[in-house]
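Below is one structure, written out as structure tokens, with a few remarks after it.
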Amino acid sequence: MNGTSSPAAERRGPLLLGVRHHGPGSARAVRAALDAARPAAVLIEGPPEGDALLPLAADPGMRPPVALLAHAADDPGRAAFWPLAAFSPEWVAIRWAQEQEVPVPVRFIDLPAAHSLAAETDTEADPDAAGSVRPDPLAVLAETAGYDDPERWWEDVVEHRGAVREDPLAVFEVLGEAMGALRQAYGDGGHARDLVREAYMRQRMRAARREFGDAYAVVCGAWHVPALRAKTTAAADKALLTGLPKVRVETTWVPWTHRRLARAGGYGAGITSPGWYAHLFAARDRPVERWLTKVAGLLREEDRQVSPAHVIEAVRLAGTLAAVRGRPVAGLTETLEAVRAVMCDGSDIPLALVEDRLVVGDVLGEVPDGAPVVPLQRDLTRQQRSLRLKAEAQERELELDLRKDTDAAKSLLLHRLRLLGIGWGTPAASRGSTGTFRETWRLRWEPELSVRVAEAGIWGTTVEAAATAKAEADAAGAAELGEVTALAERCLLAGLSEALPAVLRALADRAALDTDVAGLAKALPALARSLRYGDVRGTDASALRTVAGGLAERICVALPPACAAGLDADAAAELRGYVDGVHGAIGLLEADGLRERWSAVLRALAGRDTVPGVIRGRAARLLLDDGRLPAQETARLMGLALSPAAAAPADAAGWIDGFAGGGGTLLVHDERLLGLIDAWLTGVPEQAFTDVLPLLRRTFGAYEAGVKRSLGELVRRGPSAKPAPSRAPEGFAPTLDPTRANAVLPVLRLLLTPA
């Protein structure tokens, strides 16, 4: 030692370091203060149940951002997180204590999670953040100092402060005094639970004093410092803590993300720019130059022309803006304005990319294998590694070819997780193919999924076993037939062959008891899709095919009477949707005579006057598309439906909607049908036309632009003006030669057959 008195010798009482959660300036100041004071112990705001996990912070496999997760042992959904980033003062204090030549004891001193989780049915991700209505201390201090932006005030006062080495404790003394004034003005700030938390912290400080004297440091939110300095008795604090509810809790470390540290993500104690703060903490010199270089790299990756000259000019502009505004150095506001002007040509579109990727960011932390986890999480981690499916915070697309073993295994894992309520992946439309052997997923790992995994752990110790047990329980508890059919489809997608018998028993029971034709019709498409997926995955679905066939037969019997009943417009439109679904489903089933039986049902619906027009029209269109209704018969049915003497205008408009809805190409190529619709439309009385106009607009407005343009031209010229078909080109016969046309089939079959 150089003989001068240390800050610890001059200080009376423990070292209270009031910080801003996730503030890099506070983090640097904490390290400097600890280096100067050399306390014998470090106490940190956090749940004491996490003390046993603190040694893992020194593990090389621990990479922040991470969060301490505590959840009720009997109800994992009741959970709370305590996030920590590399630039969080609490994390810096933990690592400082562990890095000393003789490690310094470090402990959490906040109210135990056993109490906070028992009192809160929906605890937010940090006790300081949960539903607080206290005034924002930074906003009050910034306004007092004449700033309209709390973040800018904090940057100028703390983040850009360069005197930490000269007086490491000054910033804490000033913040402590300011918070004392705020506490005098606002009390507990409308958050009475703080009083209980602070009473517990004081109790832990008394215990530390008995062990270490006053040679210990406390790192906590600056808001709490005045309460921890207050003169109170142990008896008074004990009275506040008596009778608190309590639950058994389990704790672990889980990965966190910068995006979930952002206030915009709903985290009450969050910050607006975690990526920027991480940069400030890591860049010890020339932070603006390094930041703008990073921005230039991102924009180049997006194929924008950004040269070193742009970076130099942006640095100059940011510095000039800071000087004009009287700021010590350029902050985030100045750098973003410089980026917009110099690198983005004044556009906010590329700037939004910078704000999303860099200012906020998608950095995902890692926890070591030694962290305690439920067995289900351990099995999930094993499968993620074996399948090379890395959990990432940034959303990405995953294309799977189910003909490949590895891709099929990835599909099974993602579907099983979805069945367990763990939404790591979301199915998306495949861009390259509509075949059943292709799947597209959007993957994004959110920290909250760790809680979902813990919750799902009650169903089993492996993903497959847990998904099987969950499916069987869902089948037993399903109230409607549609729920069971959807579950059967998900079981086949997830390859849960052991769960299928229980699901199929529930399906057969519900189908036998369900007499609602709408419920039956709603359930059949899912069963048909299940059979198709079962085929592509090689699953034995013979029992499911039997149930689906029986369900289709019952629909064929029950549908005509249901459609003949007095249905209002909404009920008829809903039933029309079910008719479409059943038609598509029956096309996938391979039951003998079922398609002919269904065609007979459609003919009955199309020719029955008591059936609503929208259903009659749809039945006629489906028959026509399948080649089971001759063109002349179609024209006759349309003529009857549109006859002013036989049908009201609203019913006729419904028939057109059912027949022509979904695509107008048929009308472009069939002059007779278009003429019938045109003649009916021009003859609708004025008052009735106003009533049917919305329905007609919906029908024809859904057509593609080219179809609408062609129909408009045909109607303008009149059907009779439609040009006659041209003669066959030279060298071609006037009609198709089937023999010559069929000669190309072997080649087409070779091209289209999957490898």
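Each chain in the structure tokens gets a letter, A, B and so on, in the order shown; residues start at 1 in every chain, and ligands are counted from 1 in the order they appear.
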Using DSSP on the backbone, list every residue of range 62-190 of chain A that comes out as alpha helix (DSSP H), and give them as number ranges by chain.
A: 89-99, 113-119, 137-144, 150-154, 170-186
Can you tell me which residues surround range 195-206 of chain A at a distance of at most 6 Å, considering only C-alpha atoms, apart from same-chain residues fewer than 4 positions away, and format the answer as a list in words?
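Once the nearby chain positions are removed, what remains is Ile109, Asp110, Leu111 and Asp237 of chain A.
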Can those selected residues be exported to a file as a PDB file, in the first residue's frame so that it contains N, CA, C and O atoms?
```
ATOM      1  N   ILE A 109     -29.717 -10.979  -1.752  1.00  0.00           N
ATOM      2  CA  ILE A 109     -30.351 -10.532  -0.502  1.00  0.00           C
ATOM      3  C   ILE A 109     -31.775 -10.044  -0.685  1.00  0.00           C
ATOM      4  O   ILE A 109     -32.373  -9.534   0.263  1.00  0.00           O
ATOM      5  N   ASP A 110     -32.341 -10.163  -1.880  1.00  0.00           N
ATOM      6  CA  ASP A 110     -33.716  -9.679  -2.071  1.00  0.00           C
ATOM      7  C   ASP A 110     -34.698 -10.653  -1.416  1.00  0.00           C
ATOM      8  O   ASP A 110     -34.332 -11.735  -0.963  1.00  0.00           O
ATOM      9  N   LEU A 111     -35.966 -10.268  -1.398  1.00  0.00           N
ATOM     10  CA  LEU A 111     -37.014 -11.125  -0.848  1.00  0.00           C
ATOM     11  C   LEU A 111     -36.990 -12.475  -1.573  1.00  0.00           C
ATOM     12  O   LEU A 111     -36.948 -12.525  -2.801  1.00  0.00           O
ATOM     13  N   ASP A 237     -38.628  -4.618  11.095  1.00  0.00           N
ATOM     14  CA  ASP A 237     -38.496  -5.348   9.835  1.00  0.00           C
ATOM     15  C   ASP A 237     -39.080  -6.750   9.949  1.00  0.00           C
ATOM     16  O   ASP A 237     -39.728  -7.243   9.013  1.00  0.00           O
TER      17      ASP A 237
END
```
What separation in Å, quoted to one decimal, exists between CA of Gly457 in chain A and CA of Glu439 in chain A?
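So the answer is 27.3 Å.
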Nearby residues (only C-alpha atoms) at most 9 Å from Leu696 in chain A, same-chain spacing under 5 positions excluded, as a PyMOL selection string
chain A and resi 653-654+656-657+701
Which residues are close to range 573-583 of chain A, i.e. within 6 Å by only C-alpha atoms, leaving aside same-chain residues fewer than 6 positions away? Reply as a JSON list (two decimals) with all heavy atoms, in the first residue's frame.
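Just written: result.json:
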```json
[["chain", "number", "residue", "atom", "x", "y", "z"],
["A", 521, "ALA", "N", -68.88, -32.33, -40.39],
["A", 521, "ALA", "CA", -68.25, -31.78, -41.59],
["A", 521, "ALA", "C", -66.97, -31.04, -41.24],
["A", 521, "ALA", "O", -66.01, -31.03, -42.02],
["A", 521, "ALA", "CB", -69.22, -30.85, -42.31],
["A", 525, "PRO", "N", -62.16, -32.93, -42.74],
["A", 525, "PRO", "CA", -60.94, -32.51, -43.43],
["A", 525, "PRO", "C", -59.66, -32.80, -42.64],
["A", 525, "PRO", "O", -58.65, -33.19, -43.23],
["A", 525, "PRO", "CB", -61.14, -30.99, -43.62],
["A", 525, "PRO", "CG", -62.63, -30.82, -43.66],
["A", 525, "PRO", "CD", -63.15, -31.82, -42.68],
["A", 615, "ILE", "N", -75.62, -22.50, -51.40],
["A", 615, "ILE", "CA", -75.23, -23.92, -51.34],
["A", 615, "ILE", "C", -75.53, -24.60, -52.66],
["A", 615, "ILE", "O", -74.74, -25.42, -53.16],
["A", 615, "ILE", "CB", -75.94, -24.61, -50.17],
["A", 615, "ILE", "CG1", -75.51, -23.97, -48.84],
["A", 615, "ILE", "CG2", -75.63, -26.11, -50.15],
["A", 615, "ILE", "CD1", -76.22, -24.54, -47.64]]
```
Find the residue from A:His191, A:Arg505, A:Arg378, A:His115 that sits nearest to Thr461 in chain A; use only C-alpha atoms when measuring.
A:Arg378
Close residues, Ala282 in chain A itself excluded, 10 Å, only C-alpha atoms, min 5 positions apart in chain, as a short mmCIF file (atom, residue, chain, number, x, y, z; two decimals) with C-alpha atoms, in the first residue's frame:
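After the write, around22.cif holds the following:
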```cif
data_model
loop_
_atom_site.label_atom_id
_atom_site.label_comp_id
_atom_site.auth_asym_id
_atom_site.auth_seq_id
_atom_site.Cartn_x
_atom_site.Cartn_y
_atom_site.Cartn_z
CA PRO A 24 -23.00 -0.07 -18.59
CA ALA A 86 -22.57 -8.62 -19.54
CA PHE A 87 -23.08 -4.90 -18.88
CA TRP A 276 -25.98 -0.04 -27.96
CA TYR A 277 -25.30 -0.44 -24.23
CA PRO A 287 -16.94 3.89 -29.14
#
```
Which residues are close to Val517 in chain A, i.e. within 7 Å by only C-alpha atoms, leaving aside same-chain residues fewer than 6 positions away? Reply as a list in words.
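Here the answer would be Ile555, Ala558 and Leu559 of chain A.
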Print the selection's residues with N, CA and C atoms to a file, as a tab-separated table (two decimals), in the first residue's frame.
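Saved result, part.tsv, follows:
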```
chain	number	residue	atom	x	y	z
A	555	ILE	N	-72.03	-38.04	-43.02
A	555	ILE	CA	-72.23	-36.70	-43.58
A	555	ILE	C	-73.09	-36.76	-44.83
A	558	ALA	N	-76.65	-37.03	-43.61
A	558	ALA	CA	-77.22	-35.94	-42.80
A	558	ALA	C	-77.18	-34.59	-43.47
A	559	LEU	N	-76.33	-34.40	-44.48
A	559	LEU	CA	-76.16	-33.07	-45.04
A	559	LEU	C	-77.38	-32.55	-45.80
```
Just the residues within 9 Å of Val315 in chain A, please, counting only C-alpha atoms, with nothing from its chain fewer than 6 positions along; format it as a PyMOL selection string.
chain A and resi 288-289+292+330+335+338
Using only C-alpha atoms: which of A:Glu211, A:Glu45, A:Asp570, A:Glu399 has the shortest distance to Glu90 in chain A
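Result for the nearest residue to Glu90 in chain A: A:Glu45.
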Identify all residues of range 238-460 of chain A in strand (DSSP E or B) (DSSP on the backbone) and supply them as number ranges by chain.
A: 249-255, 257, 262, 271, 364, 366, 396-401, 425-428, 438-443
Store the residues of this selection in a file with N, CA and C atoms, as a CSV table (one decimal), in the first residue's frame.
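out-v6.csv was written with the following content:
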```csv
chain,number,residue,atom,x,y,z
A,249,VAL,N,-39.9,-23.6,-4.3
A,249,VAL,CA,-39.5,-23.1,-5.6
A,249,VAL,C,-38.2,-23.9,-6.1
A,250,GLU,N,-38.0,-23.9,-7.4
A,250,GLU,CA,-36.8,-24.4,-8.0
A,250,GLU,C,-36.2,-23.3,-8.8
A,251,THR,N,-34.9,-23.3,-8.9
A,251,THR,CA,-34.2,-22.2,-9.6
A,251,THR,C,-33.2,-22.8,-10.6
A,252,THR,N,-32.9,-22.1,-11.6
A,252,THR,CA,-31.8,-22.5,-12.6
A,252,THR,C,-31.4,-21.2,-13.4
A,253,TRP,N,-30.4,-21.4,-14.2
A,253,TRP,CA,-30.0,-20.4,-15.1
A,253,TRP,C,-30.6,-20.7,-16.5
A,254,VAL,N,-31.1,-19.7,-17.2
A,254,VAL,CA,-31.6,-20.0,-18.6
A,254,VAL,C,-31.0,-18.9,-19.5
A,255,PRO,N,-30.9,-19.2,-20.8
A,255,PRO,CA,-30.4,-18.2,-21.7
A,255,PRO,C,-31.4,-17.0,-21.8
A,257,THR,N,-32.0,-13.0,-23.9
A,257,THR,CA,-31.7,-12.3,-25.2
A,257,THR,C,-31.7,-10.8,-24.9
A,262,ALA,N,-35.1,-5.4,-23.7
A,262,ALA,CA,-35.6,-4.1,-24.2
A,262,ALA,C,-37.0,-3.8,-23.6
A,271,ILE,N,-34.4,-1.6,-20.9
A,271,ILE,CA,-33.8,-0.4,-21.4
A,271,ILE,C,-34.2,-0.3,-22.9
A,364,LEU,N,-28.2,-14.1,-28.1
A,364,LEU,CA,-28.8,-15.1,-27.2
A,364,LEU,C,-27.7,-15.7,-26.3
A,366,GLU,N,-25.8,-18.2,-23.3
A,366,GLU,CA,-25.7,-19.6,-23.2
A,366,GLU,C,-25.4,-20.0,-21.7
A,396,ARG,N,-35.6,-17.4,-38.1
A,396,ARG,CA,-35.0,-17.9,-39.3
A,396,ARG,C,-36.0,-19.0,-39.9
A,397,GLU,N,-35.9,-19.2,-41.2
A,397,GLU,CA,-36.7,-20.2,-41.9
A,397,GLU,C,-35.9,-21.5,-42.0
A,398,LEU,N,-36.6,-22.6,-41.8
A,398,LEU,CA,-36.0,-23.9,-42.0
A,398,LEU,C,-36.8,-24.7,-43.0
A,399,GLU,N,-36.2,-25.1,-44.1
A,399,GLU,CA,-36.8,-25.9,-45.1
A,399,GLU,C,-36.5,-27.4,-44.9
A,400,LEU,N,-37.5,-28.2,-44.8
A,400,LEU,CA,-37.3,-29.6,-44.5
A,400,LEU,C,-37.8,-30.5,-45.7
A,401,ASP,N,-37.0,-31.5,-46.0
A,401,ASP,CA,-37.4,-32.5,-47.0
A,401,ASP,C,-37.6,-33.8,-46.2
A,425,GLY,N,-41.0,-23.5,-33.0
A,425,GLY,CA,-41.2,-23.4,-34.4
A,425,GLY,C,-42.7,-23.2,-34.8
A,426,THR,N,-42.9,-22.5,-35.9
A,426,THR,CA,-44.3,-22.2,-36.4
A,426,THR,C,-44.3,-22.7,-37.9
A,427,PRO,N,-45.2,-23.6,-38.3
A,427,PRO,CA,-45.3,-24.0,-39.7
A,427,PRO,C,-45.6,-22.8,-40.6
A,428,ALA,N,-45.0,-22.8,-41.7
A,428,ALA,CA,-45.2,-21.7,-42.7
A,428,ALA,C,-45.4,-22.4,-44.1
A,438,ARG,N,-42.6,-31.8,-48.2
A,438,ARG,CA,-41.9,-30.6,-47.9
A,438,ARG,C,-42.5,-29.9,-46.7
A,439,GLU,N,-41.7,-29.3,-45.9
A,439,GLU,CA,-42.2,-28.5,-44.8
A,439,GLU,C,-41.3,-27.3,-44.6
A,440,THR,N,-41.9,-26.2,-44.2
A,440,THR,CA,-41.2,-25.0,-43.9
A,440,THR,C,-41.6,-24.5,-42.5
A,441,TRP,N,-40.6,-24.2,-41.7
A,441,TRP,CA,-40.8,-23.7,-40.3
A,441,TRP,C,-40.1,-22.4,-40.1
A,442,ARG,N,-40.7,-21.6,-39.3
A,442,ARG,CA,-40.1,-20.3,-38.8
A,442,ARG,C,-39.7,-20.6,-37.4
A,443,LEU,N,-38.4,-20.5,-37.1
A,443,LEU,CA,-37.9,-20.8,-35.8
A,443,LEU,C,-37.4,-19.6,-35.1
```
Interatomic distance between CA of Leu141 in chain A and CA of Trp153 in chain A?
8.5 Å
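Atom pair CA of Ala479 in chain A / CA of Cys563 in chain A has a distance of 25.1 Å (rounded to one decimal).
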I'd like to know which of A:Thr515, A:Gln632, A:Ser116, A:Ser26 is closest to Val92 in chain A, using only C-alpha atoms.
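The shortest atom-to-atom distance to Val92 in chain A comes from A:Ser26.
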Looking at A:Val692, A:Ala494, A:Ala604, A:Ala314, which one is nearest to Thr293 in chain A, with distances taken over only C-alpha atoms?
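When distances to Thr293 in chain A are compared using only C-alpha atoms, the smallest one comes from A:Ala314.
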Wanna dump the range 604-665 of chain A-range 683-688 of chain A contacts at 12 Å for me, each residue with its shortest atom pair and the distance in Å to one decimal, counting only C-alpha atoms, ordered by chain and number, as a Markdown table?
```
| residue | atom | partner | partner_atom | distance |
| --- | --- | --- | --- | --- |
| A:Leu642 | CA | A:Val684 | CA | 9.9 |
| A:Ser643 | CA | A:Gly683 | CA | 10.0 |
| A:Pro644 | CA | A:Val684 | CA | 8.2 |
| A:Ala645 | CA | A:Val684 | CA | 11.8 |
| A:Ala647 | CA | A:Val684 | CA | 11.3 |
| A:Ala648 | CA | A:Ala688 | CA | 8.9 |
| A:Pro649 | CA | A:Ala688 | CA | 6.4 |
| A:Ala650 | CA | A:Ala688 | CA | 7.7 |
| A:Asp651 | CA | A:Ala688 | CA | 11.1 |
| A:Ala652 | CA | A:Val684 | CA | 10.0 |
| A:Ala653 | CA | A:Val684 | CA | 10.1 |
```
Rank A:Arg616, A:Lys246, A:Arg749, A:Arg452 by their smallest atom-to-atom distance to Ala118 in chain A, using only C-alpha atoms, and report the top residue only.
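Of all the options, A:Lys246 lies closest to Ala118 in chain A.
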